[in-house]
Amino acid sequence: MQIKKLHNNLNYFYIIELMNIYIKYLITAILLLIIDIIWISSNFNMYNKTVKDIQGFEPKINIKYAIIAYIFVIISLFYVAIPFTMNYINKNDEPGDKLYKSILYGGRVGLSIYGIYNFTCMSFFEKYPLTTAIIDTLWGTFLYSFVVFIYLML
């Protein structure tokens, strides 16, 4: 009887811990979307000019493909950036240590993903500006660093 009660209690704590992880993931995903949408909106002129210079007309956002792109961003965050950073987090790490490791490891993932995208665009599109590539790559580095740090602090 005692073993069954202990087993039920362990299952309960496991379910609670699992729910906490899912809540952390949900908060992190929403935060990433909000911050990135604010960034894109506040830098709309830069992105709009880049696209217009390349294709010759105003861009029209296809929501379906934007959603797919964000799904890939969230997958890379949950399956690459956060686990990669978690490998280097110690139980006794202070917030400053977590911030440093978020920048060092989570930021590397953002740097890599956004860098690959931007410099591939530069290799294909003659009119893709170097300043846009650098700014957007730095943005990806910041975004991943920040969002990974927030995840670690939740």
# chains A, B, ... in the order shown; residues from 1 in each chain; ligands from 1

call {"tool": "residues_around", "arguments": {"residues": "range 117-133 of chain A", "least_positions_apart": "4", "cutoff": "7 Å", "atoms": "only C-alpha atoms", "output": "ChimeraX atom specification"}}
result
/A:50,53-54,113,137

call {"tool": "write_last_selection", "arguments": {"atoms": "N, CA and C atoms", "output": "CSV table (one decimal), in the first residue's frame"}}
result
chain,number,residue,atom,x,y,z
A,50,THR,N,15.1,46.6,-48.5
A,50,THR,CA,15.9,45.4,-49.0
A,50,THR,C,15.1,44.6,-49.9
A,53,ASP,N,14.3,46.5,-53.2
A,53,ASP,CA,15.5,46.6,-54.1
A,53,ASP,C,15.8,45.3,-54.8
A,54,ILE,N,15.5,44.1,-54.2
A,54,ILE,CA,15.8,42.8,-54.8
A,54,ILE,C,14.8,42.4,-55.8
A,113,ILE,N,22.2,30.7,-37.1
A,113,ILE,CA,21.0,30.6,-37.9
A,113,ILE,C,20.8,31.9,-38.8
A,137,THR,N,21.9,39.6,-38.4
A,137,THR,CA,22.6,38.6,-37.8
A,137,THR,C,22.8,38.9,-36.3

call {"tool": "select_by_dssp", "arguments": {"residues": "range 11-146 of chain A", "states": "alpha helix (DSSP H)", "output": "ChimeraX atom specification"}}
result
/A:11-42,44-55,63-76,82-86,95-101,107-124,130-146

call {"tool": "write_last_selection", "arguments": {"atoms": "C-alpha atoms", "output": "short mmCIF file (atom, residue, chain, number, x, y, z; two decimals), in the first residue's frame"}}
result
data_model
loop_
_atom_site.label_atom_id
_atom_site.label_comp_id
_atom_site.auth_asym_id
_atom_site.auth_seq_id
_atom_site.Cartn_x
_atom_site.Cartn_y
_atom_site.Cartn_z
CA ASN A 11 3.69 10.39 -10.75
CA TYR A 12 1.97 13.51 -9.46
CA PHE A 13 5.30 15.37 -9.02
CA TYR A 14 6.47 14.20 -12.44
CA ILE A 15 3.29 15.53 -14.05
CA ILE A 16 3.65 18.87 -12.22
CA GLU A 17 7.30 19.17 -13.31
CA LEU A 18 6.36 18.30 -16.89
CA MET A 19 3.60 20.93 -16.83
CA ASN A 20 6.10 23.51 -15.53
CA ILE A 21 8.45 22.75 -18.44
CA TYR A 22 5.62 23.11 -20.96
CA ILE A 23 4.56 26.40 -19.37
CA LYS A 24 8.17 27.64 -19.60
CA TYR A 25 8.28 26.64 -23.27
CA LEU A 26 4.96 28.36 -23.97
CA ILE A 27 6.06 31.59 -22.25
CA THR A 28 9.39 31.48 -24.08
CA ALA A 29 7.76 30.93 -27.48
CA ILE A 30 5.28 33.78 -26.94
CA LEU A 31 8.06 36.08 -25.76
CA LEU A 32 10.18 35.26 -28.81
CA LEU A 33 7.27 36.01 -31.16
CA ILE A 34 6.39 39.29 -29.46
CA ILE A 35 9.99 40.56 -29.36
CA ASP A 36 10.69 39.56 -32.96
CA ILE A 37 7.48 41.14 -34.24
CA ILE A 38 8.35 44.35 -32.39
CA TRP A 39 11.85 44.26 -33.93
CA ILE A 40 10.57 43.66 -37.46
CA SER A 41 7.91 46.36 -37.07
CA SER A 42 10.38 48.92 -35.76
CA PHE A 44 10.22 47.68 -41.27
CA ASN A 45 11.77 50.35 -43.52
CA MET A 46 15.13 48.55 -43.63
CA TYR A 47 13.56 45.19 -44.45
CA ASN A 48 11.04 46.70 -46.86
CA LYS A 49 13.77 48.56 -48.79
CA THR A 50 15.93 45.43 -48.97
CA VAL A 51 13.12 43.32 -50.40
CA LYS A 52 11.96 46.08 -52.76
CA ASP A 53 15.50 46.58 -54.10
CA ILE A 54 15.84 42.84 -54.76
CA GLN A 55 12.47 42.00 -56.29
CA ILE A 63 1.25 34.64 -43.38
CA LYS A 64 1.29 30.89 -44.04
CA TYR A 65 5.03 30.90 -44.75
CA ALA A 66 5.73 33.34 -41.92
CA ILE A 67 4.09 30.88 -39.51
CA ILE A 68 6.18 28.02 -40.92
CA ALA A 69 9.34 30.13 -40.49
CA TYR A 70 8.47 30.85 -36.85
CA ILE A 71 7.81 27.14 -36.25
CA PHE A 72 11.38 26.46 -37.41
CA VAL A 73 12.72 29.25 -35.19
CA ILE A 74 10.89 27.81 -32.17
CA ILE A 75 12.09 24.28 -32.98
CA SER A 76 15.69 25.53 -33.18
CA ILE A 82 18.12 25.76 -24.92
CA PRO A 83 19.54 22.21 -24.65
CA PHE A 84 22.97 23.40 -25.84
CA THR A 85 23.00 26.10 -23.17
CA MET A 86 21.60 23.78 -20.49
CA PRO A 95 21.83 35.04 -12.84
CA GLY A 96 25.01 36.71 -14.17
CA ASP A 97 26.48 33.29 -14.99
CA LYS A 98 23.26 32.27 -16.72
CA LEU A 99 23.26 35.49 -18.73
CA TYR A 100 26.87 34.94 -19.79
CA LYS A 101 26.17 31.33 -20.79
CA GLY A 107 23.64 33.45 -28.83
CA ARG A 108 25.89 31.20 -30.94
CA VAL A 109 22.84 29.37 -32.21
CA GLY A 110 21.13 32.66 -33.14
CA LEU A 111 24.35 33.94 -34.72
CA SER A 112 24.64 30.76 -36.78
CA ILE A 113 21.02 30.58 -37.95
CA TYR A 114 20.64 34.26 -38.79
CA GLY A 115 24.17 34.42 -40.20
CA ILE A 116 23.55 31.46 -42.52
CA TYR A 117 20.32 33.06 -43.73
CA ASN A 118 21.73 36.55 -44.28
CA PHE A 119 24.99 35.61 -45.90
CA THR A 120 23.27 33.06 -48.13
CA CYS A 121 21.01 35.93 -49.24
CA MET A 122 24.11 38.01 -49.92
CA SER A 123 25.55 35.21 -52.05
CA PHE A 124 22.37 35.00 -54.17
CA LEU A 130 25.84 44.10 -46.06
CA THR A 131 24.43 46.41 -43.37
CA THR A 132 21.13 44.49 -43.37
CA ALA A 133 23.01 41.18 -43.16
CA ILE A 134 25.10 42.37 -40.21
CA ILE A 135 22.22 44.06 -38.36
CA ASP A 136 19.91 41.07 -38.81
CA THR A 137 22.61 38.59 -37.79
CA LEU A 138 23.33 40.61 -34.65
CA TRP A 139 19.59 40.71 -34.01
CA GLY A 140 19.41 36.89 -34.17
CA THR A 141 22.31 36.66 -31.75
CA PHE A 142 20.59 38.99 -29.29
CA LEU A 143 17.17 37.37 -29.72
CA TYR A 144 18.39 33.86 -28.97
CA SER A 145 20.64 35.03 -26.11
CA PHE A 146 17.82 36.96 -24.48
#

call {"tool": "closest_residue", "arguments": {"among": "A:Val80, A:Ile89, A:Leu104, A:Ile61", "to": "Met153 in chain A", "atoms": "only C-alpha atoms"}}
result
A:Ile89

call {"tool": "atom_distance", "arguments": {"atom1": "CA of Leu152 in chain A", "atom2": "CA of Asn43 in chain A"}}
result
28.0 Å

call {"tool": "atom_distance", "arguments": {"atom1": "CA of Val147 in chain A", "atom2": "CA of Asn92 in chain A"}}
result
20.4 Å

call {"tool": "decode", "arguments": {"residues": "range 16-99 of chain A", "atoms": "C-alpha atoms", "output": "PDB file, in the first residue's frame"}}
result
ATOM      1  CA  ILE A  16       3.649  18.865 -12.218  1.00  0.00           C
ATOM      2  CA  GLU A  17       7.300  19.169 -13.309  1.00  0.00           C
ATOM      3  CA  LEU A  18       6.363  18.302 -16.889  1.00  0.00           C
ATOM      4  CA  MET A  19       3.599  20.932 -16.834  1.00  0.00           C
ATOM      5  CA  ASN A  20       6.103  23.505 -15.535  1.00  0.00           C
ATOM      6  CA  ILE A  21       8.450  22.750 -18.440  1.00  0.00           C
ATOM      7  CA  TYR A  22       5.621  23.105 -20.961  1.00  0.00           C
ATOM      8  CA  ILE A  23       4.556  26.396 -19.371  1.00  0.00           C
ATOM      9  CA  LYS A  24       8.166  27.636 -19.595  1.00  0.00           C
ATOM     10  CA  TYR A  25       8.279  26.637 -23.269  1.00  0.00           C
ATOM     11  CA  LEU A  26       4.961  28.363 -23.966  1.00  0.00           C
ATOM     12  CA  ILE A  27       6.059  31.593 -22.249  1.00  0.00           C
ATOM     13  CA  THR A  28       9.392  31.479 -24.077  1.00  0.00           C
ATOM     14  CA  ALA A  29       7.758  30.929 -27.484  1.00  0.00           C
ATOM     15  CA  ILE A  30       5.276  33.776 -26.943  1.00  0.00           C
ATOM     16  CA  LEU A  31       8.061  36.081 -25.757  1.00  0.00           C
ATOM     17  CA  LEU A  32      10.178  35.264 -28.815  1.00  0.00           C
ATOM     18  CA  LEU A  33       7.268  36.005 -31.157  1.00  0.00           C
ATOM     19  CA  ILE A  34       6.392  39.290 -29.459  1.00  0.00           C
ATOM     20  CA  ILE A  35       9.986  40.558 -29.359  1.00  0.00           C
ATOM     21  CA  ASP A  36      10.688  39.555 -32.961  1.00  0.00           C
ATOM     22  CA  ILE A  37       7.476  41.138 -34.243  1.00  0.00           C
ATOM     23  CA  ILE A  38       8.351  44.355 -32.390  1.00  0.00           C
ATOM     24  CA  TRP A  39      11.850  44.261 -33.934  1.00  0.00           C
ATOM     25  CA  ILE A  40      10.566  43.665 -37.459  1.00  0.00           C
ATOM     26  CA  SER A  41       7.907  46.357 -37.074  1.00  0.00           C
ATOM     27  CA  SER A  42      10.376  48.922 -35.765  1.00  0.00           C
ATOM     28  CA  ASN A  43      12.836  48.101 -38.563  1.00  0.00           C
ATOM     29  CA  PHE A  44      10.225  47.678 -41.274  1.00  0.00           C
ATOM     30  CA  ASN A  45      11.772  50.348 -43.516  1.00  0.00           C
ATOM     31  CA  MET A  46      15.128  48.546 -43.630  1.00  0.00           C
ATOM     32  CA  TYR A  47      13.561  45.186 -44.451  1.00  0.00           C
ATOM     33  CA  ASN A  48      11.040  46.699 -46.857  1.00  0.00           C
ATOM     34  CA  LYS A  49      13.773  48.561 -48.785  1.00  0.00           C
ATOM     35  CA  THR A  50      15.929  45.428 -48.969  1.00  0.00           C
ATOM     36  CA  VAL A  51      13.122  43.322 -50.396  1.00  0.00           C
ATOM     37  CA  LYS A  52      11.956  46.078 -52.755  1.00  0.00           C
ATOM     38  CA  ASP A  53      15.502  46.582 -54.096  1.00  0.00           C
ATOM     39  CA  ILE A  54      15.842  42.843 -54.760  1.00  0.00           C
ATOM     40  CA  GLN A  55      12.468  42.000 -56.285  1.00  0.00           C
ATOM     41  CA  GLY A  56      11.548  45.408 -57.669  1.00  0.00           C
ATOM     42  CA  PHE A  57       8.233  45.855 -55.873  1.00  0.00           C
ATOM     43  CA  GLU A  58       6.802  46.192 -52.367  1.00  0.00           C
ATOM     44  CA  PRO A  59       6.857  42.971 -50.366  1.00  0.00           C
ATOM     45  CA  LYS A  60       3.624  41.251 -49.474  1.00  0.00           C
ATOM     46  CA  ILE A  61       3.862  38.995 -46.429  1.00  0.00           C
ATOM     47  CA  ASN A  62       2.480  35.501 -46.891  1.00  0.00           C
ATOM     48  CA  ILE A  63       1.253  34.642 -43.380  1.00  0.00           C
ATOM     49  CA  LYS A  64       1.286  30.891 -44.035  1.00  0.00           C
ATOM     50  CA  TYR A  65       5.031  30.903 -44.750  1.00  0.00           C
ATOM     51  CA  ALA A  66       5.726  33.339 -41.920  1.00  0.00           C
ATOM     52  CA  ILE A  67       4.087  30.877 -39.510  1.00  0.00           C
ATOM     53  CA  ILE A  68       6.180  28.021 -40.915  1.00  0.00           C
ATOM     54  CA  ALA A  69       9.339  30.128 -40.490  1.00  0.00           C
ATOM     55  CA  TYR A  70       8.470  30.848 -36.846  1.00  0.00           C
ATOM     56  CA  ILE A  71       7.809  27.138 -36.247  1.00  0.00           C
ATOM     57  CA  PHE A  72      11.377  26.459 -37.409  1.00  0.00           C
ATOM     58  CA  VAL A  73      12.717  29.248 -35.194  1.00  0.00           C
ATOM     59  CA  ILE A  74      10.892  27.812 -32.172  1.00  0.00           C
ATOM     60  CA  ILE A  75      12.091  24.282 -32.983  1.00  0.00           C
ATOM     61  CA  SER A  76      15.688  25.525 -33.175  1.00  0.00           C
ATOM     62  CA  LEU A  77      15.218  27.297 -29.852  1.00  0.00           C
ATOM     63  CA  PHE A  78      13.727  24.283 -28.026  1.00  0.00           C
ATOM     64  CA  TYR A  79      15.809  21.522 -29.601  1.00  0.00           C
ATOM     65  CA  VAL A  80      19.142  23.287 -30.125  1.00  0.00           C
ATOM     66  CA  ALA A  81      19.665  26.603 -28.303  1.00  0.00           C
ATOM     67  CA  ILE A  82      18.125  25.761 -24.918  1.00  0.00           C
ATOM     68  CA  PRO A  83      19.540  22.206 -24.648  1.00  0.00           C
ATOM     69  CA  PHE A  84      22.974  23.400 -25.842  1.00  0.00           C
ATOM     70  CA  THR A  85      22.998  26.095 -23.173  1.00  0.00           C
ATOM     71  CA  MET A  86      21.602  23.775 -20.489  1.00  0.00           C
ATOM     72  CA  ASN A  87      24.636  21.502 -20.967  1.00  0.00           C
ATOM     73  CA  TYR A  88      26.751  24.260 -19.407  1.00  0.00           C
ATOM     74  CA  ILE A  89      24.396  25.415 -16.639  1.00  0.00           C
ATOM     75  CA  ASN A  90      25.292  24.415 -13.102  1.00  0.00           C
ATOM     76  CA  LYS A  91      22.792  24.184 -10.278  1.00  0.00           C
ATOM     77  CA  ASN A  92      24.573  26.959  -8.366  1.00  0.00           C
ATOM     78  CA  ASP A  93      24.893  29.395 -11.286  1.00  0.00           C
ATOM     79  CA  GLU A  94      23.961  32.966 -10.423  1.00  0.00           C
ATOM     80  CA  PRO A  95      21.834  35.044 -12.838  1.00  0.00           C
ATOM     81  CA  GLY A  96      25.006  36.707 -14.167  1.00  0.00           C
ATOM     82  CA  ASP A  97      26.479  33.295 -14.986  1.00  0.00           C
ATOM     83  CA  LYS A  98      23.259  32.271 -16.715  1.00  0.00           C
ATOM     84  CA  LEU A  99      23.257  35.488 -18.725  1.00  0.00           C
TER      85      LEU A  99
END
